[in-house]
>>> print(open('final01.pdb').read())   # PDB, C-alpha atoms (C1' of nucleotides)
ATOM      1  CA  MET A   1       0.000   0.000   0.000
ATOM      2  CA  THR A   2       0.957   3.629  -0.261
ATOM      3  CA  ASN A   3       2.829   5.514   2.387
ATOM      4  CA  LYS A   4      -0.205   7.665   2.955
ATOM      5  CA  SER A   5      -2.471   4.825   3.956
ATOM      6  CA  HIS A   6       0.303   3.440   6.123
ATOM      7  CA  ASP A   7       0.550   6.779   7.933
ATOM      8  CA  HIS A   8      -3.184   6.885   8.250
ATOM      9  CA  GLU A   9      -3.273   3.457   9.851
ATOM     10  CA  LYS A  10      -0.441   4.373  12.180
ATOM     11  CA  ALA A  11      -2.262   7.470  13.347
ATOM     12  CA  TYR A  12      -5.387   5.471  14.158
ATOM     13  CA  ARG A  13      -3.319   2.916  16.006
ATOM     14  CA  LEU A  14      -1.661   5.641  18.028
ATOM     15  CA  PHE A  15      -4.994   7.254  18.729
ATOM     16  CA  PHE A  16      -6.620   4.137  20.129
ATOM     17  CA  GLY A  17      -3.460   3.035  21.878
ATOM     18  CA  SER A  18      -3.496   6.291  23.788
ATOM     19  CA  LEU A  19      -6.413   5.197  25.872
ATOM     20  CA  ALA A  20      -5.490   1.528  26.051
ATOM     21  CA  ASN A  21      -3.456   2.235  29.129
ATOM     22  CA  LYS A  22      -4.393   2.424  32.770
ATOM     23  CA  ASN A  23      -2.426   5.535  33.578
ATOM     24  CA  ARG A  24      -3.402   7.594  30.558
ATOM     25  CA  LEU A  25      -6.989   6.604  31.133
ATOM     26  CA  GLU A  26      -6.772   7.885  34.682
ATOM     27  CA  ILE A  27      -5.124  11.089  33.520
ATOM     28  CA  ILE A  28      -7.682  11.850  30.854
ATOM     29  CA  ASN A  29     -10.511  11.131  33.255
ATOM     30  CA  ILE A  30      -9.079  13.666  35.647
ATOM     31  CA  LEU A  31      -8.802  16.193  32.846
ATOM     32  CA  ARG A  32     -12.421  15.548  31.894
ATOM     33  CA  LYS A  33     -13.328  17.109  35.206
ATOM     34  CA  GLY A  34     -11.357  20.243  34.342
ATOM     35  CA  LYS A  35      -8.098  21.826  33.331
ATOM     36  CA  LYS A  36      -5.065  20.745  35.379
ATOM     37  CA  CYS A  37      -1.316  21.257  35.376
ATOM     38  CA  VAL A  38       1.235  18.463  35.580
ATOM     39  CA  SER A  39       1.964  18.753  39.257
ATOM     40  CA  GLU A  40      -1.734  18.780  40.127
ATOM     41  CA  ILE A  41      -2.177  15.559  38.167
ATOM     42  CA  CYS A  42       0.793  14.034  39.978
ATOM     43  CA  GLN A  43      -0.714  14.959  43.311
ATOM     44  CA  GLU A  44      -4.142  13.635  42.489
ATOM     45  CA  THR A  45      -2.829  10.325  41.130
ATOM     46  CA  GLY A  46       0.383   9.751  43.007
ATOM     47  CA  PHE A  47       2.149   9.217  39.667
ATOM     48  CA  GLU A  48       5.741  10.252  38.943
ATOM     49  CA  GLN A  49       6.140  13.543  37.126
ATOM     50  CA  THR A  50       8.142  12.124  34.243
ATOM     51  CA  MET A  51       5.568   9.453  33.592
ATOM     52  CA  VAL A  52       2.774  11.985  33.627
ATOM     53  CA  SER A  53       4.641  14.214  31.196
ATOM     54  CA  HIS A  54       5.347  11.349  28.821
ATOM     55  CA  ASN A  55       1.720  10.354  28.849
ATOM     56  CA  LEU A  56       0.391  13.867  28.463
ATOM     57  CA  LYS A  57       2.616  14.314  25.479
ATOM     58  CA  ARG A  58       1.101  11.264  23.901
ATOM     59  CA  LEU A  59      -2.429  12.481  24.557
ATOM     60  CA  GLU A  60      -1.524  15.863  23.163
ATOM     61  CA  THR A  61       0.035  14.371  20.036
ATOM     62  CA  CYS A  62      -3.229  12.591  19.358
ATOM     63  CA  GLY A  63      -5.239  15.772  19.681
ATOM     64  CA  MET A  64      -6.963  14.490  22.765
ATOM     65  CA  VAL A  65      -5.789  17.261  25.027
ATOM     66  CA  PHE A  66      -4.599  20.805  24.565
ATOM     67  CA  VAL A  67      -1.959  22.575  26.575
ATOM     68  CA  GLU A  68      -1.440  26.191  27.518
ATOM     69  CA  GLN A  69       1.387  27.789  29.398
ATOM     70  CA  GLU A  70       0.611  29.890  32.465
ATOM     71  CA  GLY A  71       3.765  31.117  34.083
ATOM     72  CA  LYS A  72       5.882  28.122  34.921
ATOM     73  CA  HIS A  73       2.880  25.846  34.775
ATOM     74  CA  ARG A  74       1.453  24.079  31.790
ATOM     75  CA  TYR A  75      -2.260  23.483  31.933
ATOM     76  CA  TYR A  76      -3.776  20.560  30.090
ATOM     77  CA  SER A  77      -7.420  20.226  29.088
ATOM     78  CA  VAL A  78      -9.421  17.741  27.038
ATOM     79  CA  ASN A  79     -10.412  18.550  23.498
ATOM     80  CA  GLN A  80     -14.013  19.618  24.083
ATOM     81  CA  GLU A  81     -15.012  19.568  20.463
ATOM     82  CA  THR A  82     -14.167  16.003  19.485
ATOM     83  CA  ILE A  83     -12.851  14.020  22.433
ATOM     84  CA  LYS A  84     -15.371  14.987  25.095
ATOM     85  CA  PRO A  85     -18.408  13.753  23.130
ATOM     86  CA  LEU A  86     -16.427  10.757  21.953
ATOM     87  CA  LEU A  87     -15.626   9.682  25.480
ATOM     88  CA  GLU A  88     -19.244  10.133  26.464
ATOM     89  CA  MET A  89     -20.293   7.926  23.607
ATOM     90  CA  ILE A  90     -17.836   5.276  24.668
ATOM     91  CA  ASP A  91     -19.185   5.465  28.203
ATOM     92  CA  GLY A  92     -22.548   4.685  26.633
ATOM     93  CA  HIS A  93     -21.170   1.644  24.875
ATOM     94  CA  MET A  94     -19.466   0.521  28.051
ATOM     95  CA  LYS A  95     -22.619   0.815  30.079
ATOM     96  CA  LYS A  96     -23.958  -1.942  27.878
ATOM     97  CA  TYR A  97     -20.866  -4.077  27.315
ATOM     98  CA  CYS A  98     -18.544  -3.558  30.255
ATOM     99  CA  CYS A  99     -19.971  -6.547  32.156
ATOM    100  CA  LYS A 100     -19.619  -8.775  29.140
ATOM    101  CA  ILE A 101     -16.006  -7.718  28.616
ATOM    102  CA  VAL A 102     -15.081  -8.255  32.241
ATOM    103  CA  GLY A 103     -16.882 -11.596  32.256
ATOM    104  CA  GLU A 104     -15.149 -12.921  29.163
ATOM    105  CA  CYS A 105     -11.782 -11.939  30.553
ATOM    106  CA  LYS A 106     -12.343 -13.782  33.792
ATOM    107  CA  LYS A 107     -13.050 -17.016  31.960
ATOM    108  CA  ARG A 108      -9.391 -17.250  30.990
TER     109      ARG A 108
ATOM    110  CA  MET B 109      -9.612   1.016  44.905
ATOM    111  CA  THR B 110     -12.362  -1.555  44.729
ATOM    112  CA  ASN B 111     -12.343  -4.576  42.477
ATOM    113  CA  LYS B 112     -15.223  -3.096  40.561
ATOM    114  CA  SER B 113     -13.357  -0.001  39.492
ATOM    115  CA  HIS B 114     -10.385  -2.153  38.615
ATOM    116  CA  ASP B 115     -12.571  -4.289  36.351
ATOM    117  CA  HIS B 116     -14.059  -1.176  34.880
ATOM    118  CA  GLU B 117     -10.659   0.217  34.034
ATOM    119  CA  LYS B 118      -9.581  -3.104  32.582
ATOM    120  CA  ALA B 119     -12.611  -3.217  30.319
ATOM    121  CA  TYR B 120     -11.887   0.247  28.975
ATOM    122  CA  ARG B 121      -8.278  -0.681  28.392
ATOM    123  CA  LEU B 122      -9.333  -3.776  26.508
ATOM    124  CA  PHE B 123     -11.836  -1.801  24.509
ATOM    125  CA  PHE B 124      -9.364   0.791  23.294
ATOM    126  CA  GLY B 125      -6.611  -1.753  22.847
ATOM    127  CA  SER B 126      -8.833  -3.615  20.440
ATOM    128  CA  LEU B 127      -8.418  -0.975  17.812
ATOM    129  CA  ALA B 128      -4.841  -0.071  18.651
ATOM    130  CA  ASN B 129      -3.667  -2.757  16.298
ATOM    131  CA  LYS B 130      -3.059  -2.702  12.570
ATOM    132  CA  ASN B 131      -4.695  -6.020  11.831
ATOM    133  CA  ARG B 132      -7.811  -5.578  13.932
ATOM    134  CA  LEU B 133      -8.205  -2.119  12.479
ATOM    135  CA  GLU B 134      -8.098  -3.578   8.992
ATOM    136  CA  ILE B 135     -10.562  -6.292   9.963
ATOM    137  CA  ILE B 136     -13.071  -3.931  11.482
ATOM    138  CA  ASN B 137     -12.840  -1.612   8.514
ATOM    139  CA  ILE B 138     -13.688  -4.492   6.236
ATOM    140  CA  LEU B 139     -16.636  -5.379   8.432
ATOM    141  CA  ARG B 140     -17.823  -1.783   8.315
ATOM    142  CA  LYS B 141     -18.488  -2.366   4.653
ATOM    143  CA  GLY B 142     -20.671  -5.370   5.470
ATOM    144  CA  LYS B 143     -21.034  -8.748   7.106
ATOM    145  CA  LYS B 144     -18.242 -11.218   6.360
ATOM    146  CA  CYS B 145     -17.185 -14.706   7.405
ATOM    147  CA  VAL B 146     -13.679 -15.619   8.572
ATOM    148  CA  SER B 147     -12.487 -17.066   5.293
ATOM    149  CA  GLU B 148     -13.720 -14.044   3.361
ATOM    150  CA  ILE B 149     -11.753 -11.789   5.678
ATOM    151  CA  CYS B 150      -8.682 -13.974   5.213
ATOM    152  CA  GLN B 151      -9.020 -13.729   1.469
ATOM    153  CA  GLU B 152      -9.510 -10.003   1.423
ATOM    154  CA  THR B 153      -6.588  -9.313   3.741
ATOM    155  CA  GLY B 154      -4.194 -12.167   3.109
ATOM    156  CA  PHE B 155      -4.088 -12.816   6.870
ATOM    157  CA  GLU B 156      -3.770 -16.259   8.452
ATOM    158  CA  GLN B 157      -7.021 -17.807   9.618
ATOM    159  CA  THR B 158      -5.884 -18.348  13.197
ATOM    160  CA  MET B 159      -4.836 -14.760  13.539
ATOM    161  CA  VAL B 160      -8.131 -13.544  12.150
ATOM    162  CA  SER B 161     -10.073 -15.771  14.544
ATOM    163  CA  HIS B 162      -8.072 -14.587  17.551
ATOM    164  CA  ASN B 163      -8.649 -10.986  16.585
ATOM    165  CA  LEU B 164     -12.330 -11.415  15.847
ATOM    166  CA  LYS B 165     -12.766 -12.977  19.233
ATOM    167  CA  ARG B 166     -11.243  -9.935  20.811
ATOM    168  CA  LEU B 167     -13.498  -7.583  18.856
ATOM    169  CA  GLU B 168     -16.491  -9.690  19.771
ATOM    170  CA  THR B 169     -15.557  -9.733  23.448
ATOM    171  CA  CYS B 170     -15.539  -5.942  23.415
ATOM    172  CA  GLY B 171     -18.988  -5.773  21.854
ATOM    173  CA  MET B 172     -17.604  -4.265  18.701
ATOM    174  CA  VAL B 173     -18.813  -7.012  16.430
ATOM    175  CA  PHE B 174     -21.526  -9.624  16.527
ATOM    176  CA  VAL B 175     -21.369 -13.119  15.149
ATOM    177  CA  GLU B 176     -23.982 -15.449  13.722
ATOM    178  CA  GLN B 177     -23.619 -19.001  12.530
ATOM    179  CA  GLU B 178     -24.766 -19.886   9.017
ATOM    180  CA  GLY B 179     -24.031 -23.500   8.230
ATOM    181  CA  LYS B 180     -20.351 -24.053   8.673
ATOM    182  CA  HIS B 181     -19.641 -20.355   8.353
ATOM    183  CA  ARG B 182     -19.647 -17.746  11.032
ATOM    184  CA  TYR B 183     -20.574 -14.284   9.873
ATOM    185  CA  TYR B 184     -19.262 -11.265  11.704
ATOM    186  CA  SER B 185     -20.742  -7.772  11.566
ATOM    187  CA  VAL B 186     -20.045  -4.476  13.337
ATOM    188  CA  ASN B 187     -22.252  -3.342  16.160
ATOM    189  CA  GLN B 188     -24.423  -0.845  14.299
ATOM    190  CA  GLU B 189     -25.903   0.720  17.361
ATOM    191  CA  THR B 190     -22.813   1.858  19.228
ATOM    192  CA  ILE B 191     -19.658   1.086  17.277
ATOM    193  CA  LYS B 192     -20.655   2.300  13.847
ATOM    194  CA  PRO B 193     -21.436   5.866  14.950
ATOM    195  CA  LEU B 194     -18.425   5.792  17.249
ATOM    196  CA  LEU B 195     -16.074   4.935  14.412
ATOM    197  CA  GLU B 196     -17.612   7.658  12.291
ATOM    198  CA  MET B 197     -17.036  10.148  15.049
ATOM    199  CA  ILE B 198     -13.424   9.073  15.324
ATOM    200  CA  ASP B 199     -13.022   9.464  11.579
ATOM    201  CA  GLY B 200     -14.188  13.037  12.133
ATOM    202  CA  HIS B 201     -11.549  13.615  14.787
ATOM    203  CA  MET B 202      -8.915  12.046  12.574
ATOM    204  CA  LYS B 203      -9.797  14.254   9.633
ATOM    205  CA  LYS B 204      -8.635  17.117  11.792
ATOM    206  CA  TYR B 205      -5.750  15.557  13.692
ATOM    207  CA  CYS B 206      -4.351  12.745  11.585
ATOM    208  CA  CYS B 207      -1.730  14.993   9.957
ATOM    209  CA  LYS B 208      -0.615  16.325  13.295
ATOM    210  CA  ILE B 209      -0.255  12.823  14.703
ATOM    211  CA  VAL B 210       1.708  11.565  11.728
ATOM    212  CA  GLY B 211       3.861  14.677  11.783
ATOM    213  CA  GLU B 212       4.742  14.395  15.459
ATOM    214  CA  CYS B 213       5.657  10.757  15.011
ATOM    215  CA  LYS B 214       8.038  11.466  12.168
ATOM    216  CA  LYS B 215       9.976  13.950  14.278
ATOM    217  CA  ARG B 216      11.317  11.110  16.363
TER     218      ARG B 216
ATOM    219  C1'  DG C 217      23.672  35.594  35.543
ATOM    220  C1'  DC C 218      22.398  32.153  38.956
ATOM    221  C1'  DA C 219      19.225  29.462  41.850
ATOM    222  C1'  DT C 220      15.036  27.070  41.850
ATOM    223  C1'  DC C 221      10.684  25.316  40.596
ATOM    224  C1'  DA C 222       7.896  23.055  36.877
ATOM    225  C1'  DT C 223       8.034  20.289  33.183
ATOM    226  C1'  DA C 224      10.108  17.762  29.100
ATOM    227  C1'  DT C 225      13.171  14.409  26.803
ATOM    228  C1'  DG C 226      16.143  10.331  25.655
ATOM    229  C1'  DA C 227      17.887   5.951  26.644
ATOM    230  C1'  DC C 228      17.330   1.766  28.791
ATOM    231  C1'  DT C 229      14.926  -2.009  31.199
ATOM    232  C1'  DA C 230      10.728  -4.299  32.379
ATOM    233  C1'  DA C 231       6.104  -5.494  31.309
ATOM    234  C1'  DT C 232       2.508  -6.551  27.900
ATOM    235  C1'  DA C 233       0.499  -7.849  23.765
ATOM    236  C1'  DA C 234       0.408  -9.980  19.347
ATOM    237  C1'  DA C 235       1.515 -13.532  15.801
ATOM    238  C1'  DT C 236       2.408 -18.145  15.038
ATOM    239  C1'  DC C 237       2.262 -23.070  15.523
ATOM    240  C1'  DA C 238       0.050 -27.258  16.601
ATOM    241  C1'  DC C 239      -4.058 -29.021  17.581
ATOM    242  C1'  DA C 240      -9.210 -29.158  18.877
ATOM    243  C1'  DT C 241     -13.977 -28.578  17.813
ATOM    244  C1'  DG C 242     -18.098 -28.455  15.129
ATOM    245  C1'  DA C 243     -21.053 -28.571  11.067
ATOM    246  C1'  DC C 244     -22.136 -31.062   7.065
ATOM    247  C1'  DC C 245     -22.543 -34.820   3.868
ATOM    248  C1'  DA C 246     -21.460 -39.325   1.864
TER     249       DA C 246
ATOM    250  C1'  DT D 247     -19.176 -42.925  11.430
ATOM    251  C1'  DG D 248     -15.569 -41.086   8.854
ATOM    252  C1'  DG D 249     -13.879 -37.408   6.028
ATOM    253  C1'  DT D 250     -13.409 -32.652   5.109
ATOM    254  C1'  DC D 251     -14.134 -27.859   5.340
ATOM    255  C1'  DA D 252     -14.549 -23.750   8.434
ATOM    256  C1'  DT D 253     -13.295 -21.980  12.512
ATOM    257  C1'  DG D 254     -11.679 -21.822  17.426
ATOM    258  C1'  DT D 255      -8.169 -22.417  21.263
ATOM    259  C1'  DG D 256      -3.861 -22.810  24.100
ATOM    260  C1'  DA D 257       0.900 -22.405  24.482
ATOM    261  C1'  DT D 258       5.091 -20.440  23.049
ATOM    262  C1'  DT D 259       7.894 -17.111  20.743
ATOM    263  C1'  DT D 260       8.505 -12.557  19.093
ATOM    264  C1'  DA D 261       7.500  -7.771  18.952
ATOM    265  C1'  DT D 262       5.775  -3.623  20.999
ATOM    266  C1'  DT D 263       4.926  -0.507  24.672
ATOM    267  C1'  DA D 264       5.330   1.550  29.001
ATOM    268  C1'  DG D 265       7.823   3.096  33.113
ATOM    269  C1'  DT D 266      12.007   4.651  35.141
ATOM    270  C1'  DC D 267      16.296   6.962  35.643
ATOM    271  C1'  DA D 268      19.298  10.614  34.536
ATOM    272  C1'  DT D 269      19.410  14.757  32.613
ATOM    273  C1'  DA D 270      17.824  18.834  29.848
ATOM    274  C1'  DT D 271      15.041  22.890  29.124
ATOM    275  C1'  DG D 272      12.416  26.846  30.289
ATOM    276  C1'  DA D 273      10.229  30.259  33.180
ATOM    277  C1'  DT D 274      10.669  33.227  37.254
ATOM    278  C1'  DG D 275      12.699  36.118  40.700
ATOM    279  C1'  DC D 276      16.727  37.585  43.035
TER     280       DC D 276
END
>>> encode(input="final01.pdb", output="structure tokens")
Amino acid sequence: MTNKSHDHEKAYRLFFGSLANKNRLEIINILRKGKKCVSEICQETGFEQTMVSHNLKRLETCGMVFVEQEGKHRYYSVNQETIKPLLEMIDGHMKKYCCKIVGECKKR
Amino acid sequence: MTNKSHDHEKAYRLFFGSLANKNRLEIINILRKGKKCVSEICQETGFEQTMVSHNLKRLETCGMVFVEQEGKHRYYSVNQETIKPLLEMIDGHMKKYCCKIVGECKKR
DNA sequence: GCATCATATGACTAATAAATCACATGACCA
DNA sequence: TGGTCATGTGATTTATTAGTCATATGATGC
């Protein structure tokens, strides 16, 4: 296939992979409640700063969160236009299928 | 935290992880175009049957696809109610951010 | 310009997930 | 009931990803 479709596929993979991770999931769920800077996220989660930064970068790369500098702090917030409704929609799906998923996993 | 919230988190992780993979992404995009059985998917993609089955199982576990038996064949189809609109919404996000994502990746 | 606080980055190791291989099951028909 | 076609499953190997450590950058105030 062309390079373009390869890039395209890679971007999708990166996008989904961004939330296929316990820590990033926790971070984005905190940000859903409102804008936060790195150190606030560290405090709220107990995570290491470097790990939080790495993960925020990934979320930012994928267009899931935006960042703005305020003095020495950098405030992160979820993309309200696309990601907020998307996450809500996924919550809807999960309301229906979460039990099933958990159940199937436990079988193994 | 409780077991319940742990399960919850695990289900989300599994859900997102399901599409964070080149092959499953290709499979679900084929299914978006219509119901297909395993061997048809193999033909269209050139993938091994066992790999396709493993991946379909994962998609099915997450409620992304449904399966129905027809003779010796098993036909898989995307969940029209929740997953179809979800994928369309993500396509919308990607239309805006795909270039950014690809770009950021290439820097490294 | 230097100290310090907040955050980012790169390289490496550790953890996780995916593909493959060998085999099992299940439907159908002779 | 035995053969074969379609698909599923478990175990192992291989590949990918994430977290950590050490260090860099960047803003602020003295």
>>> resolve_selection(input="final01.pdb", expression="the PyMOL selection byres ((chain B) within 12 of (chain D))", output="list in words")
Gly125, Ala128, Asn129, Cys145, Val146, Ser147, Glu148, Cys150, Glu156, Gln157, Thr158, Met159, Val160, Ser161, His162, Asn163, Leu164, Lys165, Gln177, Glu178, Gly179, Lys180, His181, Arg182 and Tyr183 of chain B
>>> atom_distance(input="final01.pdb", atom1="CA of Phe174 in chain B", atom2="CA of Thr153 in chain B")
19.7 Å
>>> atom_distance(input="final01.pdb", atom1="CA of Glu196 in chain B", atom2="CA of Ile90 in chain A")
12.6 Å
>>> closest_residue(input="final01.pdb", among="A:Glu68, A:Lys33, A:Thr61, A:Glu81", to="chain B", atoms="all atoms listed in the file")
A:Thr61
>>> resolve_selection(input="final01.pdb", expression="the PyMOL selection byres ((chain B) within 8 of (chain A))", output="ChimeraX atom specification")
/B:115-125,127-130,133,169-171,190-191,194,197-198,200-202,205-206,208-210,212
>>> interface_residues(input="final01.pdb", of="chain C", to="chain B", cutoff="10 Å", atoms="all atoms listed in the file", output="MDAnalysis selection string")
chainID C and resid 233:237 242:244
>>> atom_distance(input="final01.pdb", atom1="CA of Asn29 in chain A", atom2="C1' of DT223 in chain C")
20.7 Å
>>> closest_residue(input="final01.pdb", among="B:Ser113, B:Ser185, B:Lys203, B:Leu139", to="Glu152 in chain B", atoms="only C-alpha atoms")
B:Leu139
>>> axis_aligned_box(input="final01.pdb", around="range 250-266 of chain D", padding_each_side="3 Å", output="lines of an AutoDock Vina configuration file")
center_x = -1.3
center_y = -14.0
center_z = 20.1
size_x = 32.6
size_y = 43.3
size_z = 36.0
>>> residues_around(input="final01.pdb", residues="Arg140 in chain B", least_positions_apart="3", cutoff="9 Å", atoms="all atoms listed in the file", output="number ranges by chain")
B: 135-137, 143, 185-186, 188, 192
>>> decode(input="final01.pdb", residues="range 79-88 of chain A", atoms="all heavy atoms", output="PDB file, in the first residue's frame")
ATOM      1  N   ASN A  79      -9.846  17.987  24.715  1.00  0.00           N
ATOM      2  CA  ASN A  79     -10.412  18.550  23.498  1.00  0.00           C
ATOM      3  C   ASN A  79     -11.932  18.442  23.606  1.00  0.00           C
ATOM      4  O   ASN A  79     -12.502  17.364  23.502  1.00  0.00           O
ATOM      5  CB  ASN A  79      -9.878  17.731  22.315  1.00  0.00           C
ATOM      6  CG  ASN A  79     -10.394  18.209  20.977  1.00  0.00           C
ATOM      7  OD1 ASN A  79     -11.437  18.869  20.892  1.00  0.00           O
ATOM      8  ND2 ASN A  79      -9.662  17.878  19.939  1.00  0.00           N
ATOM      9  N   GLN A  80     -12.561  19.598  23.836  1.00  0.00           N
ATOM     10  CA  GLN A  80     -14.013  19.618  24.083  1.00  0.00           C
ATOM     11  C   GLN A  80     -14.812  19.301  22.833  1.00  0.00           C
ATOM     12  O   GLN A  80     -15.901  18.751  22.898  1.00  0.00           O
ATOM     13  CB  GLN A  80     -14.446  21.001  24.589  1.00  0.00           C
ATOM     14  CG  GLN A  80     -13.834  21.403  25.912  1.00  0.00           C
ATOM     15  CD  GLN A  80     -14.398  20.614  27.076  1.00  0.00           C
ATOM     16  OE1 GLN A  80     -15.605  20.495  27.228  1.00  0.00           O
ATOM     17  NE2 GLN A  80     -13.520  20.047  27.893  1.00  0.00           N
ATOM     18  N   GLU A  81     -14.260  19.681  21.712  1.00  0.00           N
ATOM     19  CA  GLU A  81     -15.012  19.568  20.463  1.00  0.00           C
ATOM     20  C   GLU A  81     -15.166  18.119  20.007  1.00  0.00           C
ATOM     21  O   GLU A  81     -16.272  17.681  19.685  1.00  0.00           O
ATOM     22  CB  GLU A  81     -14.291  20.388  19.382  1.00  0.00           C
ATOM     23  CG  GLU A  81     -15.114  20.597  18.139  1.00  0.00           C
ATOM     24  CD  GLU A  81     -14.238  20.921  16.928  1.00  0.00           C
ATOM     25  OE1 GLU A  81     -13.046  21.280  17.119  1.00  0.00           O
ATOM     26  OE2 GLU A  81     -14.737  20.787  15.807  1.00  0.00           O
ATOM     27  N   THR A  82     -14.068  17.375  20.009  1.00  0.00           N
ATOM     28  CA  THR A  82     -14.167  16.003  19.485  1.00  0.00           C
ATOM     29  C   THR A  82     -14.048  14.919  20.560  1.00  0.00           C
ATOM     30  O   THR A  82     -14.781  13.937  20.530  1.00  0.00           O
ATOM     31  CB  THR A  82     -13.105  15.736  18.392  1.00  0.00           C
ATOM     32  OG1 THR A  82     -11.797  15.857  18.958  1.00  0.00           O
ATOM     33  CG2 THR A  82     -13.239  16.709  17.235  1.00  0.00           C
ATOM     34  N   ILE A  83     -13.126  15.106  21.493  1.00  0.00           N
ATOM     35  CA  ILE A  83     -12.851  14.020  22.433  1.00  0.00           C
ATOM     36  C   ILE A  83     -13.896  13.909  23.538  1.00  0.00           C
ATOM     37  O   ILE A  83     -14.293  12.807  23.921  1.00  0.00           O
ATOM     38  CB  ILE A  83     -11.438  14.151  23.047  1.00  0.00           C
ATOM     39  CG1 ILE A  83     -10.385  14.074  21.937  1.00  0.00           C
ATOM     40  CG2 ILE A  83     -11.184  13.082  24.084  1.00  0.00           C
ATOM     41  CD1 ILE A  83     -10.417  12.823  21.101  1.00  0.00           C
ATOM     42  N   LYS A  84     -14.362  15.034  24.026  1.00  0.00           N
ATOM     43  CA  LYS A  84     -15.371  14.987  25.095  1.00  0.00           C
ATOM     44  C   LYS A  84     -16.603  14.186  24.666  1.00  0.00           C
ATOM     45  O   LYS A  84     -16.962  13.211  25.343  1.00  0.00           O
ATOM     46  CB  LYS A  84     -15.746  16.398  25.543  1.00  0.00           C
ATOM     47  CG  LYS A  84     -16.639  16.459  26.761  1.00  0.00           C
ATOM     48  CD  LYS A  84     -16.774  17.898  27.251  1.00  0.00           C
ATOM     49  CE  LYS A  84     -17.766  18.007  28.397  1.00  0.00           C
ATOM     50  NZ  LYS A  84     -19.182  18.118  27.933  1.00  0.00           N
ATOM     51  N   PRO A  85     -17.239  14.541  23.539  1.00  0.00           N
ATOM     52  CA  PRO A  85     -18.408  13.753  23.130  1.00  0.00           C
ATOM     53  C   PRO A  85     -18.060  12.299  22.797  1.00  0.00           C
ATOM     54  O   PRO A  85     -18.853  11.399  23.053  1.00  0.00           O
ATOM     55  CB  PRO A  85     -18.920  14.484  21.882  1.00  0.00           C
ATOM     56  CG  PRO A  85     -17.824  15.389  21.460  1.00  0.00           C
ATOM     57  CD  PRO A  85     -17.019  15.703  22.659  1.00  0.00           C
ATOM     58  N   LEU A  86     -16.870  12.105  22.277  1.00  0.00           N
ATOM     59  CA  LEU A  86     -16.427  10.757  21.953  1.00  0.00           C
ATOM     60  C   LEU A  86     -16.362   9.891  23.203  1.00  0.00           C
ATOM     61  O   LEU A  86     -16.853   8.758  23.231  1.00  0.00           O
ATOM     62  CB  LEU A  86     -15.040  10.855  21.318  1.00  0.00           C
ATOM     63  CG  LEU A  86     -14.579   9.707  20.456  1.00  0.00           C
ATOM     64  CD1 LEU A  86     -15.558   9.482  19.333  1.00  0.00           C
ATOM     65  CD2 LEU A  86     -13.199   9.995  19.900  1.00  0.00           C
ATOM     66  N   LEU A  87     -15.762  10.443  24.245  1.00  0.00           N
ATOM     67  CA  LEU A  87     -15.626   9.682  25.480  1.00  0.00           C
ATOM     68  C   LEU A  87     -16.992   9.391  26.089  1.00  0.00           C
ATOM     69  O   LEU A  87     -17.229   8.315  26.639  1.00  0.00           O
ATOM     70  CB  LEU A  87     -14.742  10.439  26.479  1.00  0.00           C
ATOM     71  CG  LEU A  87     -13.260  10.534  26.103  1.00  0.00           C
ATOM     72  CD1 LEU A  87     -12.517  11.427  27.090  1.00  0.00           C
ATOM     73  CD2 LEU A  87     -12.601   9.160  26.049  1.00  0.00           C
ATOM     74  N   GLU A  88     -17.893  10.347  25.939  1.00  0.00           N
ATOM     75  CA  GLU A  88     -19.244  10.133  26.464  1.00  0.00           C
ATOM     76  C   GLU A  88     -19.946   8.994  25.724  1.00  0.00           C
ATOM     77  O   GLU A  88     -20.640   8.173  26.308  1.00  0.00           O
ATOM     78  CB  GLU A  88     -20.060  11.430  26.379  1.00  0.00           C
ATOM     79  CG  GLU A  88     -19.680  12.384  27.514  1.00  0.00           C
ATOM     80  CD  GLU A  88     -20.061  13.833  27.241  1.00  0.00           C
ATOM     81  OE1 GLU A  88     -20.758  14.107  26.240  1.00  0.00           O
ATOM     82  OE2 GLU A  88     -19.633  14.707  28.036  1.00  0.00           O
TER      83      GLU A  88
END
